[in-house]
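Report on the structure given below.
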Amino acid sequence: MLLVALAYACGGWLGALSVCRWAGVRDPRLAGSRNPGFSNVLRLYGARLALATLVLDAAKGMPVLWLAKGVALPAWAQGLVGLGVLLGHSYPLWHRFRGGKAVASAFGVLLVLTPWVALLCALLWALLAWRVRTAAVASLATACLAPLASWWLAPDYVWVVSAFALLVVTRHVWNIRRLGRGGEPRLERRITPPEE
């Protein structure tokens, strides 16, 4: 439980907020989709800041997960630690429970627990994002594939990965509604920066 609490604290560090603060630009929660994540930062401020956000959100939970693996916790317990990271990112207490969609954080967690599943999911996400230009579609499709990929590549973690996927899908409920209405923003940078 101590590791889960530590994982939640690590997950609650929202990379987008730090990156935008360091770059001297507006809080991404105040513009665009208002989501503190990779895709909104990309649309608002471009690839450089978006990539930095992706790296921070993927890496922030890795130390505590390495610790969980290092003390030889069983797969389900490692999964609880990973879930702590994702819950911290999605529902951070110190940001009034307004966090991100947990896609980048889930990639970082899977990269430690099930690296081949993580890499396969990352490849699928990149291909779909390039083809359909919509982050939500790429994220939802990848979340649905992840348990199947785990069943094939890391069967000990299939229920763990399924729980992660369910959280990611749940965090995309509003995106699903916007997709149904045709109002989901495309994965492209805005031509003009948001007003300060």
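Here's how to read the names in the structure tokens: chain A, B, ... by the order shown, residue numbers from 1 in each chain, ligand numbers from 1 in the order shown.
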
Taking 3 positions as the minimum chain separation for residues in the same chain, which residues sit within 6 Å of region 152-165 of chain A when counting only C-alpha atoms? Answer as a list of chain:residue names. A:Gly79, A:Ala143, A:Pro147, A:Ala149, A:Val168

Just list as a PyMOL selection string whatever in region 57-183 of chain A DSSP marks as alpha helix (DSSP H). chain A and resi 57-59+62-70+75-90+103-113+115-132+135-153+158-171+173-181

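The spacing separating CA of Leu49 (chain A) from CA of Phe97 (chain A) amounts to 23.3 Å.
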
Quick one, how far is CA of Cys20 (chain A) from CA of Leu166 (chain A)? 28.8 Å

For a test of reading the model, state the distance in Å between CA of Leu119 (chain A) and CA of Cys144 (chain A), rounded to one decimal.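 CA of Cys144 (chain A) lies at a distance of 15.0 Å from CA of Leu119 (chain A).
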
May I have the residues within 12 Å of His95 (chain A) as a PyMOL selection string, using only C-alpha atoms and disregarding those fewer than 2 positions away in the same chain? chain A and resi 9+11-14+17+29+36+88-93+97-100

Quick one: write out the picked residues with all heavy atoms as a short mmCIF file (atom, residue, chain, number, x, y, z; two decimals), in the first residue's frame?
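So the final result, stored in result_12.cif, reads:
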```cif
data_model
loop_
_atom_site.label_atom_id
_atom_site.label_comp_id
_atom_site.auth_asym_id
_atom_site.auth_seq_id
_atom_site.Cartn_x
_atom_site.Cartn_y
_atom_site.Cartn_z
N ALA A 9 1.19 9.55 -5.87
CA ALA A 9 1.87 10.84 -5.77
C ALA A 9 2.68 11.12 -7.03
O ALA A 9 2.68 12.25 -7.55
CB ALA A 9 2.76 10.87 -4.54
N GLY A 11 2.11 9.85 -10.02
CA GLY A 11 1.17 10.06 -11.12
C GLY A 11 0.54 11.43 -11.10
O GLY A 11 0.19 11.98 -12.15
N GLY A 12 0.38 11.99 -9.91
CA GLY A 12 -0.25 13.30 -9.78
C GLY A 12 0.59 14.46 -10.26
O GLY A 12 0.09 15.60 -10.31
N TRP A 13 1.85 14.20 -10.60
CA TRP A 13 2.67 15.25 -11.21
C TRP A 13 2.31 15.31 -12.70
O TRP A 13 2.67 14.43 -13.47
CB TRP A 13 4.16 14.95 -11.02
CG TRP A 13 5.05 15.92 -11.73
CD1 TRP A 13 4.84 17.26 -11.90
CD2 TRP A 13 6.29 15.62 -12.39
NE1 TRP A 13 5.87 17.82 -12.61
CE2 TRP A 13 6.78 16.84 -12.92
CE3 TRP A 13 7.03 14.46 -12.56
CZ2 TRP A 13 7.98 16.91 -13.63
CZ3 TRP A 13 8.23 14.53 -13.26
CH2 TRP A 13 8.69 15.74 -13.79
N LEU A 14 1.58 16.32 -13.11
CA LEU A 14 1.12 16.45 -14.49
C LEU A 14 2.20 17.09 -15.34
O LEU A 14 2.51 18.28 -15.19
CB LEU A 14 -0.17 17.26 -14.54
CG LEU A 14 -1.34 16.71 -13.71
CD1 LEU A 14 -2.55 17.62 -13.83
CD2 LEU A 14 -1.67 15.28 -14.12
N LEU A 17 1.65 20.54 -17.19
CA LEU A 17 1.69 21.78 -16.42
C LEU A 17 3.12 22.26 -16.22
O LEU A 17 3.41 23.45 -16.35
CB LEU A 17 0.99 21.58 -15.07
CG LEU A 17 -0.45 21.09 -15.11
CD1 LEU A 17 -1.06 21.15 -13.71
CD2 LEU A 17 -1.28 21.89 -16.10
N ARG A 29 -4.83 23.67 -19.41
CA ARG A 29 -6.19 23.41 -18.91
C ARG A 29 -7.13 24.59 -19.15
O ARG A 29 -8.33 24.49 -18.91
CB ARG A 29 -6.14 23.10 -17.41
CG ARG A 29 -5.39 21.83 -17.06
CD ARG A 29 -5.23 21.67 -15.57
NE ARG A 29 -4.48 22.78 -15.00
CZ ARG A 29 -4.22 22.94 -13.70
NH1 ARG A 29 -4.69 22.05 -12.85
NH2 ARG A 29 -3.53 23.97 -13.28
N PRO A 36 -4.81 18.39 -19.66
CA PRO A 36 -3.36 18.53 -19.46
C PRO A 36 -2.61 17.31 -19.96
O PRO A 36 -2.06 16.52 -19.20
CB PRO A 36 -3.25 18.68 -17.93
CG PRO A 36 -4.38 17.85 -17.41
CD PRO A 36 -5.50 18.01 -18.40
N GLY A 88 -3.44 8.58 -10.05
CA GLY A 88 -2.84 9.85 -9.68
C GLY A 88 -2.84 10.83 -10.85
O GLY A 88 -3.10 12.03 -10.67
N HIS A 89 -2.56 10.32 -12.05
CA HIS A 89 -2.55 11.18 -13.23
C HIS A 89 -3.96 11.63 -13.59
O HIS A 89 -4.18 12.79 -13.97
CB HIS A 89 -1.93 10.45 -14.42
CG HIS A 89 -1.90 11.26 -15.67
ND1 HIS A 89 -0.92 12.18 -15.95
CD2 HIS A 89 -2.77 11.31 -16.73
CE1 HIS A 89 -1.17 12.77 -17.12
NE2 HIS A 89 -2.29 12.25 -17.60
N SER A 90 -4.92 10.73 -13.49
CA SER A 90 -6.28 11.02 -13.91
C SER A 90 -7.06 11.85 -12.89
O SER A 90 -7.87 12.70 -13.26
CB SER A 90 -7.05 9.72 -14.17
OG SER A 90 -6.42 8.96 -15.18
N TYR A 91 -6.81 11.58 -11.60
CA TYR A 91 -7.56 12.23 -10.54
C TYR A 91 -6.62 12.74 -9.44
O TYR A 91 -6.67 12.28 -8.31
CB TYR A 91 -8.58 11.25 -9.94
CG TYR A 91 -9.49 10.61 -10.96
CD1 TYR A 91 -9.28 9.30 -11.38
CD2 TYR A 91 -10.55 11.33 -11.51
CE1 TYR A 91 -10.10 8.71 -12.32
CE2 TYR A 91 -11.39 10.74 -12.46
CZ TYR A 91 -11.15 9.43 -12.86
OH TYR A 91 -11.97 8.85 -13.79
N PRO A 92 -5.77 13.71 -9.77
CA PRO A 92 -4.82 14.21 -8.76
C PRO A 92 -5.52 15.06 -7.69
O PRO A 92 -6.20 16.04 -8.02
CB PRO A 92 -3.85 15.06 -9.59
CG PRO A 92 -4.65 15.49 -10.78
CD PRO A 92 -5.62 14.38 -11.06
N LEU A 93 -5.35 14.68 -6.45
CA LEU A 93 -5.99 15.37 -5.34
C LEU A 93 -5.65 16.85 -5.33
O LEU A 93 -6.50 17.71 -5.11
CB LEU A 93 -5.57 14.71 -4.03
CG LEU A 93 -6.02 15.36 -2.73
CD1 LEU A 93 -7.54 15.36 -2.62
CD2 LEU A 93 -5.40 14.66 -1.52
N PHE A 97 -8.76 16.90 -8.58
CA PHE A 97 -9.12 15.68 -9.29
C PHE A 97 -9.31 15.90 -10.79
O PHE A 97 -9.97 15.10 -11.45
CB PHE A 97 -10.39 15.04 -8.68
CG PHE A 97 -10.21 14.68 -7.23
CD1 PHE A 97 -10.78 15.47 -6.24
CD2 PHE A 97 -9.47 13.56 -6.86
CE1 PHE A 97 -10.62 15.15 -4.90
CE2 PHE A 97 -9.30 13.24 -5.52
CZ PHE A 97 -9.87 14.02 -4.54
N ARG A 98 -8.72 16.98 -11.31
CA ARG A 98 -8.80 17.27 -12.75
C ARG A 98 -7.47 16.95 -13.39
O ARG A 98 -6.56 17.77 -13.42
CB ARG A 98 -9.16 18.74 -12.98
CG ARG A 98 -10.55 19.12 -12.50
CD ARG A 98 -10.78 20.61 -12.67
NE ARG A 98 -10.51 21.05 -14.03
CZ ARG A 98 -10.24 22.31 -14.36
NH1 ARG A 98 -10.18 23.25 -13.42
NH2 ARG A 98 -10.03 22.63 -15.62
N GLY A 99 -7.35 15.72 -13.89
CA GLY A 99 -6.10 15.28 -14.50
C GLY A 99 -6.27 14.96 -15.97
O GLY A 99 -7.20 15.40 -16.64
N GLY A 100 -5.32 14.16 -16.47
CA GLY A 100 -5.30 13.81 -17.88
C GLY A 100 -6.02 12.51 -18.18
O GLY A 100 -6.67 11.92 -17.31
#
```

Which polymer residues have any atom within 12 Å of an atom of region 60-69 of chain A, counting only C-alpha atoms, with same-chain residues fewer than 5 positions away left out, as an MDAnalysis selection string? chainID A and resid 1:15 53:55 74:89 102 104:114

Find the residues around Arg48 (chain A) up to 12 Å (only C-alpha atoms counted), leave out those fewer than 6 positions away in its own chain, and share them as a JSON list (two decimals) with all heavy atoms, in the first residue's frame.
```json
[["chain", "number", "residue", "atom", "x", "y", "z"],
["A", 16, "ALA", "N", 2.33, 18.09, -18.37],
["A", 16, "ALA", "CA", 1.95, 19.23, -19.22],
["A", 16, "ALA", "C", 2.03, 20.55, -18.46],
["A", 16, "ALA", "O", 2.45, 21.57, -19.02],
["A", 16, "ALA", "CB", 0.53, 19.02, -19.75],
["A", 19, "VAL", "N", 5.80, 21.46, -18.07],
["A", 19, "VAL", "CA", 6.40, 21.83, -19.35],
["A", 19, "VAL", "C", 5.94, 23.22, -19.78],
["A", 19, "VAL", "O", 6.74, 24.05, -20.20],
["A", 19, "VAL", "CB", 6.04, 20.77, -20.43],
["A", 19, "VAL", "CG1", 6.36, 21.28, -21.83],
["A", 19, "VAL", "CG2", 6.80, 19.47, -20.16],
["A", 20, "CYS", "N", 4.64, 23.47, -19.68],
["A", 20, "CYS", "CA", 4.12, 24.77, -20.10],
["A", 20, "CYS", "C", 4.60, 25.90, -19.19],
["A", 20, "CYS", "O", 4.89, 27.00, -19.65],
["A", 20, "CYS", "CB", 2.59, 24.73, -20.16],
["A", 20, "CYS", "SG", 1.97, 23.69, -21.51],
["A", 23, "ALA", "N", 8.15, 26.63, -20.15],
["A", 23, "ALA", "CA", 8.23, 27.30, -21.45],
["A", 23, "ALA", "C", 7.62, 28.69, -21.42],
["A", 23, "ALA", "O", 7.73, 29.44, -22.41],
["A", 23, "ALA", "CB", 7.52, 26.45, -22.51],
["A", 38, "PHE", "N", -0.69, 15.25, -23.76],
["A", 38, "PHE", "CA", 0.10, 15.35, -24.98],
["A", 38, "PHE", "C", -0.67, 16.00, -26.14],
["A", 38, "PHE", "O", -0.20, 16.94, -26.77],
["A", 38, "PHE", "CB", 0.57, 13.95, -25.39],
["A", 38, "PHE", "CG", 1.09, 13.85, -26.79],
["A", 38, "PHE", "CD1", 2.40, 14.21, -27.08],
["A", 38, "PHE", "CD2", 0.27, 13.40, -27.82],
["A", 38, "PHE", "CE1", 2.89, 14.12, -28.39],
["A", 38, "PHE", "CE2", 0.75, 13.30, -29.11],
["A", 38, "PHE", "CZ", 2.06, 13.67, -29.39],
["A", 39, "SER", "N", -1.88, 15.50, -26.43],
["A", 39, "SER", "CA", -2.57, 15.95, -27.63],
["A", 39, "SER", "C", -3.00, 17.42, -27.54],
["A", 39, "SER", "O", -2.90, 18.15, -28.53],
["A", 39, "SER", "CB", -3.78, 15.05, -27.93],
["A", 39, "SER", "OG", -4.67, 15.04, -26.84],
["A", 41, "VAL", "N", -1.52, 19.77, -25.69],
["A", 41, "VAL", "CA", -0.30, 20.56, -25.79],
["A", 41, "VAL", "C", 0.19, 20.62, -27.23],
["A", 41, "VAL", "O", 0.65, 21.66, -27.71],
["A", 41, "VAL", "CB", 0.80, 20.00, -24.86],
["A", 41, "VAL", "CG1", 2.12, 20.71, -25.07],
["A", 41, "VAL", "CG2", 0.38, 20.12, -23.40],
["A", 42, "LEU", "N", 0.06, 19.52, -27.97],
["A", 42, "LEU", "CA", 0.46, 19.51, -29.38],
["A", 42, "LEU", "C", -0.37, 20.51, -30.17],
["A", 42, "LEU", "O", 0.18, 21.29, -30.97],
["A", 42, "LEU", "CB", 0.29, 18.10, -29.96],
["A", 42, "LEU", "CG", 0.58, 17.95, -31.45],
["A", 42, "LEU", "CD1", 2.05, 18.26, -31.74],
["A", 42, "LEU", "CD2", 0.22, 16.56, -31.93],
["A", 54, "LEU", "N", 4.91, 14.18, -23.17],
["A", 54, "LEU", "CA", 4.80, 12.73, -23.32],
["A", 54, "LEU", "C", 5.89, 12.01, -22.53],
["A", 54, "LEU", "O", 5.62, 11.04, -21.81],
["A", 54, "LEU", "CB", 4.90, 12.36, -24.81],
["A", 54, "LEU", "CG", 4.95, 10.87, -25.15],
["A", 54, "LEU", "CD1", 3.65, 10.19, -24.75],
["A", 54, "LEU", "CD2", 5.23, 10.68, -26.62],
["A", 55, "VAL", "N", 7.11, 12.49, -22.64],
["A", 55, "VAL", "CA", 8.23, 11.85, -21.95],
["A", 55, "VAL", "C", 8.05, 11.92, -20.44],
["A", 55, "VAL", "O", 8.23, 10.92, -19.72],
["A", 55, "VAL", "CB", 9.57, 12.49, -22.37],
["A", 55, "VAL", "CG1", 10.71, 12.01, -21.49],
["A", 55, "VAL", "CG2", 9.87, 12.16, -23.83],
["A", 189, "ARG", "N", -1.74, 21.06, -34.88],
["A", 189, "ARG", "CA", -1.43, 22.28, -34.14],
["A", 189, "ARG", "C", -2.30, 23.43, -34.62],
["A", 189, "ARG", "O", -2.58, 23.56, -35.80],
["A", 189, "ARG", "CB", 0.04, 22.66, -34.31],
["A", 189, "ARG", "CG", 0.38, 23.88, -33.45],
["A", 189, "ARG", "CD", 1.84, 24.26, -33.54],
["A", 189, "ARG", "NE", 2.09, 25.42, -32.70],
["A", 189, "ARG", "CZ", 3.26, 26.00, -32.58],
["A", 189, "ARG", "NH1", 4.30, 25.54, -33.22],
["A", 189, "ARG", "NH2", 3.42, 27.04, -31.80]]
```
